[in-house]
$ cat input36.cif   # mmCIF, C-alpha atoms
data_work
loop_
_atom_site.label_atom_id
_atom_site.label_comp_id
_atom_site.auth_asym_id
_atom_site.auth_seq_id
_atom_site.Cartn_x
_atom_site.Cartn_y
_atom_site.Cartn_z
CA MET A 1 -39.67 9.46 -102.92
CA LYS A 2 -40.09 10.14 -106.62
CA GLN A 3 -43.44 11.86 -106.10
CA GLN A 4 -41.96 13.91 -103.30
CA LEU A 5 -39.13 15.08 -105.57
CA ILE A 6 -41.60 16.01 -108.31
CA LYS A 7 -43.64 17.94 -105.79
CA GLN A 8 -40.55 19.81 -104.55
CA ILE A 9 -39.60 20.80 -108.10
CA GLU A 10 -43.13 22.02 -108.79
CA GLN A 11 -43.11 23.91 -105.52
CA LYS A 12 -39.95 25.79 -106.47
CA MET A 13 -41.49 26.72 -109.85
CA VAL A 14 -44.98 27.65 -108.64
CA ARG A 15 -44.25 31.38 -108.35
CA MET A 16 -42.92 31.51 -111.94
CA LEU A 17 -45.51 29.39 -113.77
CA ASN A 18 -49.28 29.55 -114.16
CA ASN A 19 -51.57 26.58 -113.49
CA ALA A 20 -51.47 25.29 -117.07
CA GLN A 21 -47.67 25.42 -117.12
CA ILE A 22 -47.45 23.65 -113.75
CA GLU A 23 -49.66 20.86 -115.10
CA LYS A 24 -47.43 20.52 -118.16
CA LEU A 25 -44.32 20.47 -115.96
CA HIS A 26 -45.87 17.72 -113.86
CA GLU A 27 -46.65 15.70 -117.00
CA VAL A 28 -43.05 16.05 -118.27
CA LEU A 29 -41.49 15.11 -114.91
CA GLU A 30 -43.72 12.05 -114.57
CA HIS A 31 -42.74 10.90 -118.05
CA GLU A 32 -39.00 11.56 -117.77
CA LEU A 33 -38.61 10.04 -114.29
CA TYR A 34 -40.85 7.04 -114.93
CA ALA A 35 -38.01 4.51 -115.14
CA VAL A 36 -35.66 6.32 -112.76
CA GLU A 37 -35.00 5.01 -109.27
CA ILE A 38 -34.42 7.71 -106.67
CA ILE A 39 -32.64 6.88 -103.41
CA PRO A 40 -32.89 9.57 -100.71
CA LYS A 41 -29.76 10.79 -98.99
CA GLN A 42 -30.25 10.52 -95.24
CA THR A 43 -29.29 13.68 -93.41
CA GLU A 44 -30.07 15.02 -89.99
CA THR A 45 -32.15 17.83 -91.45
CA ASN A 46 -34.62 15.24 -92.80
CA LEU A 47 -35.37 14.18 -89.23
CA THR A 48 -36.26 17.57 -87.79
CA PRO A 49 -38.75 20.23 -88.92
CA SER A 50 -37.09 23.08 -90.78
CA LYS A 51 -36.87 26.50 -89.25
CA LYS A 52 -38.88 27.69 -92.24
CA ASN A 53 -41.98 25.99 -90.81
CA PHE A 54 -42.05 28.25 -87.77
CA GLU A 55 -41.18 31.32 -89.81
CA LEU A 56 -44.22 30.66 -92.01
CA LEU A 57 -46.33 30.02 -88.93
CA ASN A 58 -45.35 33.43 -87.55
CA ASP A 59 -46.21 35.04 -90.89
CA PHE A 60 -49.62 33.32 -90.81
CA LEU A 61 -50.31 34.50 -87.24
CA ALA A 62 -49.35 38.04 -88.24
CA ALA A 63 -51.81 37.85 -91.13
CA LYS A 64 -54.59 36.67 -88.77
CA GLN A 65 -53.82 39.54 -86.42
CA ILE A 66 -54.11 42.05 -89.26
CA GLU A 67 -57.46 40.48 -90.19
CA GLY A 68 -58.71 41.35 -86.71
CA CYS A 69 -58.48 38.02 -84.85
CA SER A 70 -58.49 38.39 -81.08
CA ALA A 71 -55.38 37.68 -79.00
CA ARG A 72 -57.17 34.67 -77.53
CA SER A 73 -57.88 33.20 -80.99
CA ILE A 74 -54.31 33.81 -82.18
CA SER A 75 -52.97 32.09 -79.07
CA TYR A 76 -55.20 29.07 -79.82
CA TYR A 77 -54.02 29.00 -83.45
CA LYS A 78 -50.39 29.23 -82.33
CA SER A 79 -50.48 26.40 -79.77
CA THR A 80 -52.51 24.11 -82.06
CA LEU A 81 -50.25 24.59 -85.10
CA GLU A 82 -46.98 24.46 -83.15
CA ASN A 83 -48.00 21.10 -81.73
CA ALA A 84 -48.84 19.75 -85.19
CA ILE A 85 -45.57 21.01 -86.72
CA LYS A 86 -43.49 19.45 -83.93
CA ILE A 87 -45.25 16.07 -84.16
CA LEU A 88 -45.24 15.82 -87.97
CA GLU A 89 -41.51 16.68 -88.27
CA LYS A 90 -41.70 17.47 -91.98
CA PRO A 91 -41.32 20.64 -94.04
CA LEU A 92 -44.75 22.13 -94.68
CA ASN A 93 -44.55 21.60 -98.44
CA GLN A 94 -44.02 17.84 -97.89
CA ILE A 95 -46.96 17.22 -95.56
CA GLU A 96 -49.57 14.98 -97.17
CA THR A 97 -53.24 14.41 -96.43
CA GLU A 98 -52.48 11.02 -94.90
CA ASP A 99 -49.96 12.62 -92.50
CA LEU A 100 -52.69 14.88 -91.16
CA ARG A 101 -55.26 12.08 -90.92
CA VAL A 102 -52.81 10.02 -88.84
CA TYR A 103 -51.99 13.07 -86.70
CA LEU A 104 -55.66 13.76 -85.94
CA SER A 105 -56.33 10.10 -85.20
CA GLU A 106 -53.36 9.80 -82.85
CA TYR A 107 -54.24 13.07 -81.14
CA GLN A 108 -57.77 11.84 -80.52
CA LYS A 109 -56.54 8.57 -79.00
CA LYS A 110 -53.77 10.13 -76.89
CA ASN A 111 -55.90 12.94 -75.45
CA ASN A 112 -59.26 11.14 -75.47
CA ALA A 113 -60.51 14.17 -77.39
CA GLY A 114 -64.09 14.58 -78.54
CA LYS A 115 -65.22 15.04 -82.13
CA GLN A 116 -65.74 18.77 -81.69
CA THR A 117 -62.15 19.25 -80.49
CA ILE A 118 -60.76 17.26 -83.42
CA ASP A 119 -62.88 19.24 -85.87
CA ASN A 120 -61.60 22.49 -84.34
CA ILE A 121 -58.02 21.31 -84.96
CA ARG A 122 -58.96 20.29 -88.52
CA ARG A 123 -60.46 23.74 -89.09
CA ILE A 124 -57.30 25.50 -87.86
CA LEU A 125 -55.09 23.27 -90.01
CA SER A 126 -57.32 24.03 -92.98
CA SER A 127 -57.03 27.78 -92.39
CA PHE A 128 -53.24 27.55 -92.16
CA PHE A 129 -52.68 25.37 -95.23
CA THR A 130 -55.20 27.34 -97.29
CA TRP A 131 -53.21 30.47 -96.44
CA LEU A 132 -49.99 28.70 -97.50
CA GLU A 133 -51.68 27.78 -100.79
CA ASP A 134 -52.98 31.31 -101.36
CA GLU A 135 -49.49 32.71 -100.69
CA ASN A 136 -47.97 30.17 -103.14
CA TYR A 137 -45.87 28.42 -100.50
CA ILE A 138 -47.52 25.09 -101.35
CA LEU A 139 -49.31 23.77 -104.43
CA LYS A 140 -52.50 22.55 -102.78
CA SER A 141 -53.74 22.31 -99.21
CA PRO A 142 -53.52 18.71 -97.93
CA VAL A 143 -56.55 19.42 -95.71
CA ARG A 144 -58.91 19.73 -98.69
CA ARG A 145 -59.73 16.02 -98.65
CA ILE A 146 -60.29 15.90 -94.88
CA HIS A 147 -63.97 16.65 -94.49
CA LYS A 148 -65.73 18.34 -91.62
CA ILE A 149 -66.22 15.93 -88.72
CA LYS A 150 -69.87 15.37 -87.92
CA THR A 151 -70.72 16.10 -84.31
CA ALA A 152 -73.92 15.57 -82.40
CA LYS A 153 -76.18 18.63 -82.32
CA LEU A 154 -77.01 19.16 -78.68
CA VAL A 155 -79.87 21.44 -77.74
CA LYS A 156 -78.22 23.86 -75.33
CA GLU A 157 -80.17 25.17 -72.39
CA THR A 158 -81.67 28.64 -72.13
CA TYR A 159 -83.02 30.42 -69.07
CA THR A 160 -86.72 30.05 -68.32
CA ASP A 161 -88.81 33.05 -67.28
CA GLU A 162 -88.76 31.65 -63.73
CA ASN A 163 -84.95 31.36 -63.81
CA LEU A 164 -84.59 35.02 -64.73
CA VAL A 165 -87.01 36.21 -62.05
CA VAL A 166 -85.24 34.15 -59.37
CA LEU A 167 -81.80 35.38 -60.48
CA ARG A 168 -82.89 39.01 -60.40
CA ASP A 169 -84.72 38.71 -57.07
CA ASN A 170 -81.75 37.14 -55.35
CA CYS A 171 -79.01 39.56 -56.41
CA THR A 172 -77.45 40.98 -53.26
CA ASN A 173 -76.27 44.21 -54.91
CA ILE A 174 -77.39 46.58 -57.66
CA ARG A 175 -74.24 45.94 -59.73
CA ASP A 176 -74.96 42.24 -60.23
CA LEU A 177 -78.60 43.01 -61.03
CA SER A 178 -77.46 45.54 -63.66
CA ILE A 179 -75.09 42.98 -65.19
CA ILE A 180 -77.85 40.37 -65.51
CA ASP A 181 -80.22 42.94 -67.04
CA MET A 182 -77.56 44.21 -69.45
CA LEU A 183 -76.61 40.72 -70.66
CA MET A 184 -80.23 39.60 -71.04
CA SER A 185 -81.49 42.82 -72.62
CA THR A 186 -78.69 43.37 -75.17
CA GLY A 187 -77.44 39.84 -75.88
CA MET A 188 -73.87 41.15 -75.88
CA ARG A 189 -70.85 38.96 -75.19
CA VAL A 190 -69.32 39.10 -71.73
CA GLY A 191 -66.06 40.29 -73.32
CA GLU A 192 -67.96 43.20 -74.82
CA LEU A 193 -69.65 43.96 -71.50
CA VAL A 194 -66.44 44.36 -69.51
CA LYS A 195 -64.91 46.67 -72.14
CA LEU A 196 -67.75 49.18 -71.89
CA ASN A 197 -67.14 52.61 -70.36
CA ILE A 198 -69.81 54.81 -68.80
CA VAL A 199 -69.53 57.30 -71.67
CA ASP A 200 -70.38 54.53 -74.16
CA VAL A 201 -73.93 54.28 -72.81
CA ASP A 202 -76.68 56.45 -74.33
CA PHE A 203 -79.40 56.48 -71.67
CA VAL A 204 -81.72 58.72 -73.70
CA ASN A 205 -81.98 56.28 -76.61
CA ARG A 206 -81.24 53.21 -74.44
CA GLU A 207 -78.39 51.99 -76.61
CA CYS A 208 -74.63 51.62 -76.64
CA VAL A 209 -71.84 50.75 -79.06
CA VAL A 210 -69.82 47.62 -78.30
CA PHE A 211 -66.63 46.31 -79.87
CA GLY A 212 -67.17 42.70 -80.91
CA LYS A 213 -64.90 40.06 -82.41
CA GLY A 214 -62.36 41.46 -84.82
CA SER A 215 -62.80 44.91 -83.17
CA LYS A 216 -66.03 45.40 -85.11
CA GLU A 217 -68.43 48.01 -83.77
CA ARG A 218 -72.14 47.37 -83.48
CA GLN A 219 -75.14 48.96 -81.84
CA VAL A 220 -76.98 47.13 -79.05
CA TYR A 221 -80.12 48.14 -77.20
CA PHE A 222 -81.48 47.75 -73.67
CA ASP A 223 -84.91 48.03 -72.09
CA ALA A 224 -86.34 50.50 -69.55
CA ARG A 225 -85.77 48.18 -66.58
CA THR A 226 -82.08 47.86 -67.46
CA LYS A 227 -81.81 51.65 -67.81
CA ILE A 228 -83.24 52.26 -64.32
CA HIS A 229 -81.11 49.60 -62.62
CA LEU A 230 -77.98 50.77 -64.43
CA GLN A 231 -78.56 54.40 -63.43
CA ASN A 232 -79.16 53.38 -59.81
CA TYR A 233 -75.91 51.40 -59.86
CA LEU A 234 -73.89 54.30 -61.30
CA ASN A 235 -75.41 56.73 -58.78
CA SER A 236 -74.34 54.43 -55.94
CA ARG A 237 -70.69 54.43 -56.97
CA THR A 238 -68.09 56.60 -55.29
CA ASP A 239 -65.09 55.78 -57.51
CA ASN A 240 -63.72 57.64 -60.55
CA ASN A 241 -63.13 54.61 -62.75
CA PRO A 242 -64.46 55.23 -66.30
CA ALA A 243 -65.45 51.54 -66.65
CA LEU A 244 -69.15 50.75 -66.68
CA PHE A 245 -68.71 47.82 -64.29
CA VAL A 246 -66.08 47.69 -61.55
CA SER A 247 -65.22 45.39 -58.66
CA LEU A 248 -67.17 45.83 -55.42
CA LEU A 249 -64.03 46.18 -53.31
CA GLU A 250 -61.50 48.99 -53.39
CA PRO A 251 -59.69 50.12 -55.46
CA HIS A 252 -62.73 49.34 -57.66
CA LYS A 253 -60.85 48.12 -60.73
CA ARG A 254 -62.56 47.38 -64.05
CA LEU A 255 -64.44 44.11 -63.78
CA GLU A 256 -62.91 41.28 -65.82
CA ILE A 257 -64.56 38.39 -67.65
CA SER A 258 -63.57 35.94 -64.92
CA GLY A 259 -65.18 38.20 -62.32
CA VAL A 260 -68.52 38.15 -64.12
CA GLU A 261 -68.35 34.38 -64.68
CA ILE A 262 -67.51 33.61 -61.03
CA THR A 263 -70.25 35.92 -59.72
CA LEU A 264 -72.94 34.33 -61.89
CA ARG A 265 -71.75 30.79 -61.22
CA LYS A 266 -71.89 31.34 -57.45
CA LEU A 267 -75.38 32.81 -57.71
CA GLY A 268 -76.57 29.87 -59.82
CA ARG A 269 -75.21 27.29 -57.37
CA LYS A 270 -76.80 29.10 -54.44
CA LEU A 271 -80.20 29.07 -56.16
CA GLY A 272 -79.94 25.58 -57.67
CA ILE A 273 -80.15 26.85 -61.27
CA ASN A 274 -78.21 24.71 -63.73
CA LYS A 275 -75.27 26.18 -65.68
CA VAL A 276 -75.56 29.90 -64.97
CA HIS A 277 -73.00 31.68 -67.15
CA PRO A 278 -72.91 34.88 -69.27
CA HIS A 279 -73.22 33.22 -72.69
CA LYS A 280 -76.50 31.57 -71.71
CA PHE A 281 -78.16 35.01 -71.62
CA ARG A 282 -77.06 35.60 -75.21
CA ARG A 283 -78.48 32.27 -76.33
CA THR A 284 -81.71 32.93 -74.44
CA LEU A 285 -82.15 36.30 -76.16
CA ALA A 286 -81.58 34.79 -79.62
CA THR A 287 -84.04 31.96 -78.99
CA ARG A 288 -86.75 34.29 -77.67
CA ALA A 289 -86.31 36.75 -80.52
CA ILE A 290 -86.76 34.07 -83.17
CA ASP A 291 -89.66 32.44 -81.32
CA LYS A 292 -91.45 35.80 -81.26
CA GLY A 293 -90.99 36.27 -85.00
CA MET A 294 -87.91 38.50 -85.26
CA PRO A 295 -86.31 37.95 -88.70
CA ILE A 296 -83.18 35.82 -88.42
CA GLU A 297 -81.17 38.45 -90.34
CA GLN A 298 -81.98 41.03 -87.66
CA VAL A 299 -81.06 38.61 -84.87
CA GLN A 300 -77.77 38.01 -86.69
CA LYS A 301 -77.08 41.76 -86.76
CA LEU A 302 -78.08 42.16 -83.12
CA LEU A 303 -75.66 39.44 -82.01
CA GLY A 304 -72.87 40.56 -84.34
CA HIS A 305 -72.51 37.24 -86.15
CA GLN A 306 -70.64 37.20 -89.45
CA LYS A 307 -72.44 34.06 -90.67
CA ILE A 308 -76.14 33.39 -90.30
CA ASP A 309 -75.41 29.69 -89.61
CA THR A 310 -73.84 30.77 -86.32
CA THR A 311 -77.03 32.59 -85.37
CA MET A 312 -79.08 29.49 -86.11
CA GLU A 313 -76.86 27.44 -83.79
CA TYR A 314 -77.46 29.91 -80.98
CA ALA A 315 -81.20 30.05 -81.46
CA MET A 316 -82.85 26.77 -80.54
CA VAL A 317 -86.49 27.28 -81.56
CA ASP A 318 -88.90 26.31 -78.80
CA GLN A 319 -90.51 22.92 -79.52
CA GLU A 320 -93.92 24.10 -78.31
CA ASN A 321 -93.84 26.86 -80.94
CA VAL A 322 -93.03 24.24 -83.58
CA LYS A 323 -96.04 22.22 -82.40
CA ASN A 324 -98.35 25.26 -82.53
CA SER A 325 -97.08 26.19 -86.01
CA HIS A 326 -97.75 22.63 -87.17
CA LYS A 327 -101.34 22.93 -85.98
CA LYS A 328 -101.72 26.33 -87.61
CA TYR A 329 -100.18 25.62 -91.01
CA ILE A 330 -100.35 21.85 -91.53
CA SER A 331 -102.91 20.05 -89.35
#
$ encode --input "input36.cif" --output "structure tokens"
Amino acid sequence: MKQQLIKQIEQKMVRMLNNAQIEKLHEVLEHELYAVEIIPKQTETNLTPSKKNFELLNDFLAAKQIEGCSARSISYYKSTLENAIKILEKPLNQIETEDLRVYLSEYQKKNNAGKQTIDNIRRILSSFFTWLEDENYILKSPVRRIHKIKTAKLVKETYTDENLVVLRDNCTNIRDLSIIDMLMSTGMRVGELVKLNIVDVDFVNRECVVFGKGSKERQVYFDARTKIHLQNYLNSRTDNNPALFVSLLEPHKRLEISGVEITLRKLGRKLGINKVHPHKFRRTLATRAIDKGMPIEQVQKLLGHQKIDTTMEYAMVDQENVKNSHKKYIS
């Protein structure tokens, strides 16, 4: 209780003192309260989280929105942090590292959650408490001493050349063929694909501008085959929708992410191809580009990744190429 009181006093003074002064204040409080016994007064407000917690959470979410986070990401942040705040039942400036360790451990047991899920929660907590620290609402983030949780690195599948030929040959309409070509040729995200309008496509230079995560623009490129199939698809349409891809049935609304995912999943099941989904095309493009010698920095720019580590996770270098390189440079 004594340490908690000291922390509360320091917290109230943090906006008025610099780091050296805070350290001196801490030293004085420790000395003066050394022989003092402090007995907490039990009140109902100690048993429930303060309204301030949720006010600060809303401020944090507003900050993330301004930074360009997608609505989906903000929703994930919100649900994750609201759950933690409700379970911990403490003001944010009183939450300790051990509180969070216990919370993560209990969450894992209760929900039978995997290591990746727990590390995602840890990462969100870290972002929130680091923001609180930067904004001087707390002295130091209690997540600092909770290290990244090691997870197994699984080699994720990519499409083989045969897979791609079979998928293309078995499309029952030109729209689905154009979608497969566009995803494979550009490496764009499915969310970027469904936002595209016809006017966004430059057929002369075989390129288009997409809006990625954080509403960031980037240029992507497609090959001649994609151009021909895309033009044939657009020429076959009778609707006036500005969207590049629309539903097959009237009133031909803009195609949504779920529509693309369902279409590809059905096609994969019909053909017996494992895990056919939009993101797999993106990973396949990254892997092929690196295997063929494209500099990783250019692959990063092509995919629109902020960090190069993310690009490396997408691109699983073909083991046969590793073997050939070993023969060439080492053996």
$ residues_around --input "input36.cif" --residues "Glu256 (chain A)" --least-positions-apart "4" --cutoff "10 Å" --atoms "all atoms listed in the file" --output "ChimeraX atom specification"
/A:190-191,193-195,245-247,260-261
$ residues_around --input "input36.cif" --residues "Trp131 (chain A)" --least-positions-apart "6" --cutoff "9 Å" --atoms "all atoms listed in the file" --output "PyMOL selection string"
chain A and resi 60+137+141
$ write_last_selection --input "input36.cif" --atoms "C-alpha atoms" --output "CSV table (one decimal), keeping the file's coordinate frame"
chain,number,residue,atom,x,y,z
A,60,PHE,CA,-49.6,33.3,-90.8
A,137,TYR,CA,-45.9,28.4,-100.5
A,141,SER,CA,-53.7,22.3,-99.2
$ atom_distance --input "input36.cif" --atom1 "CA of Tyr233 (chain A)" --atom2 "CA of His279 (chain A)"
22.4 Å
$ atom_distance --input "input36.cif" --atom1 "CA of Lys86 (chain A)" --atom2 "CA of Ala63 (chain A)"
21.4 Å
$ atom_distance --input "input36.cif" --atom1 "CA of Ala71 (chain A)" --atom2 "CA of Leu88 (chain A)"
25.7 Å
$ closest_residue --input "input36.cif" --among "A:Val143, A:Leu132, A:Leu29, A:Leu302" --to "Arg218 (chain A)" --atoms "only C-alpha atoms"
A:Leu302
$ residues_around --input "input36.cif" --residues "Arg145 (chain A)" --least-positions-apart "6" --cutoff "12 Å" --atoms "all atoms listed in the file" --output "number ranges by chain"
A: 96-98, 100-101, 122, 126
$ axis_aligned_box --input "input36.cif" --around "region 260-264 of chain A" --padding-each-side "3 Å" --output "JSON"
{"center_x": -70.2, "center_y": 35.9, "center_z": -62.2, "size_x": 11.4, "size_y": 10.5, "size_z": 11.0}
$ closest_residue --input "input36.cif" --among "A:Val165, A:Leu92, A:Ile118, A:Val209" --to "Lys148 (chain A)" --atoms "only C-alpha atoms"
A:Ile118
$ resolve_selection --input "input36.cif" --expression "the PyMOL selection byres ((chain A and resi 276) around 9)" --output "MDAnalysis selection string"
chainID A and resid 159 261 264:269 273:275 277:281
$ write_last_selection --input "input36.cif" --atoms "C-alpha atoms" --output "mmCIF file, in the coordinates of the input"
data_model
loop_
_atom_site.group_PDB
_atom_site.id
_atom_site.type_symbol
_atom_site.label_atom_id
_atom_site.label_comp_id
_atom_site.auth_asym_id
_atom_site.auth_seq_id
_atom_site.Cartn_x
_atom_site.Cartn_y
_atom_site.Cartn_z
ATOM 1 C CA TYR A 159 -83.020 30.420 -69.070
ATOM 2 C CA GLU A 261 -68.350 34.380 -64.680
ATOM 3 C CA LEU A 264 -72.940 34.330 -61.890
ATOM 4 C CA ARG A 265 -71.750 30.790 -61.220
ATOM 5 C CA LYS A 266 -71.890 31.340 -57.450
ATOM 6 C CA LEU A 267 -75.380 32.810 -57.710
ATOM 7 C CA GLY A 268 -76.570 29.870 -59.820
ATOM 8 C CA ARG A 269 -75.210 27.290 -57.370
ATOM 9 C CA ILE A 273 -80.150 26.850 -61.270
ATOM 10 C CA ASN A 274 -78.210 24.710 -63.730
ATOM 11 C CA LYS A 275 -75.270 26.180 -65.680
ATOM 12 C CA HIS A 277 -73.000 31.680 -67.150
ATOM 13 C CA PRO A 278 -72.910 34.880 -69.270
ATOM 14 C CA HIS A 279 -73.220 33.220 -72.690
ATOM 15 C CA LYS A 280 -76.500 31.570 -71.710
ATOM 16 C CA PHE A 281 -78.160 35.010 -71.620
#
$ residues_around --input "input36.cif" --residues "Val36 (chain A)" --least-positions-apart "2" --cutoff "12 Å" --atoms "only C-alpha atoms" --output "count of residues only"
12
$ residues_around --input "input36.cif" --residues "Arg175 (chain A)" --least-positions-apart "4" --cutoff "9 Å" --atoms "only C-alpha atoms" --output "PyMOL selection string"
chain A and resi 171+179-180+229-230+232-234+245-246+248
$ resolve_selection --input "input36.cif" --expression "the PyMOL selection byres ((chain A and resi 95) around 12)" --output "ChimeraX atom specification"
/A:4,7-8,49,53,84-85,87-94,96-103,125,129,138-143
$ resolve_selection --input "input36.cif" --expression "the PyMOL selection byres ((chain A and resi 70) around 12)" --output "ChimeraX atom specification"
/A:61-62,64-69,71-77,191,211-216
$ closest_residue --input "input36.cif" --among "A:Asn197, A:Ser178, A:Asn136, A:Thr130" --to "Glu10 (chain A)" --atoms "all atoms listed in the file"
A:Asn136
$ closest_residue --input "input36.cif" --among "A:Leu255, A:Met184, A:Ala20, A:Val14" --to "Glu135 (chain A)" --atoms "all atoms listed in the file"
A:Val14
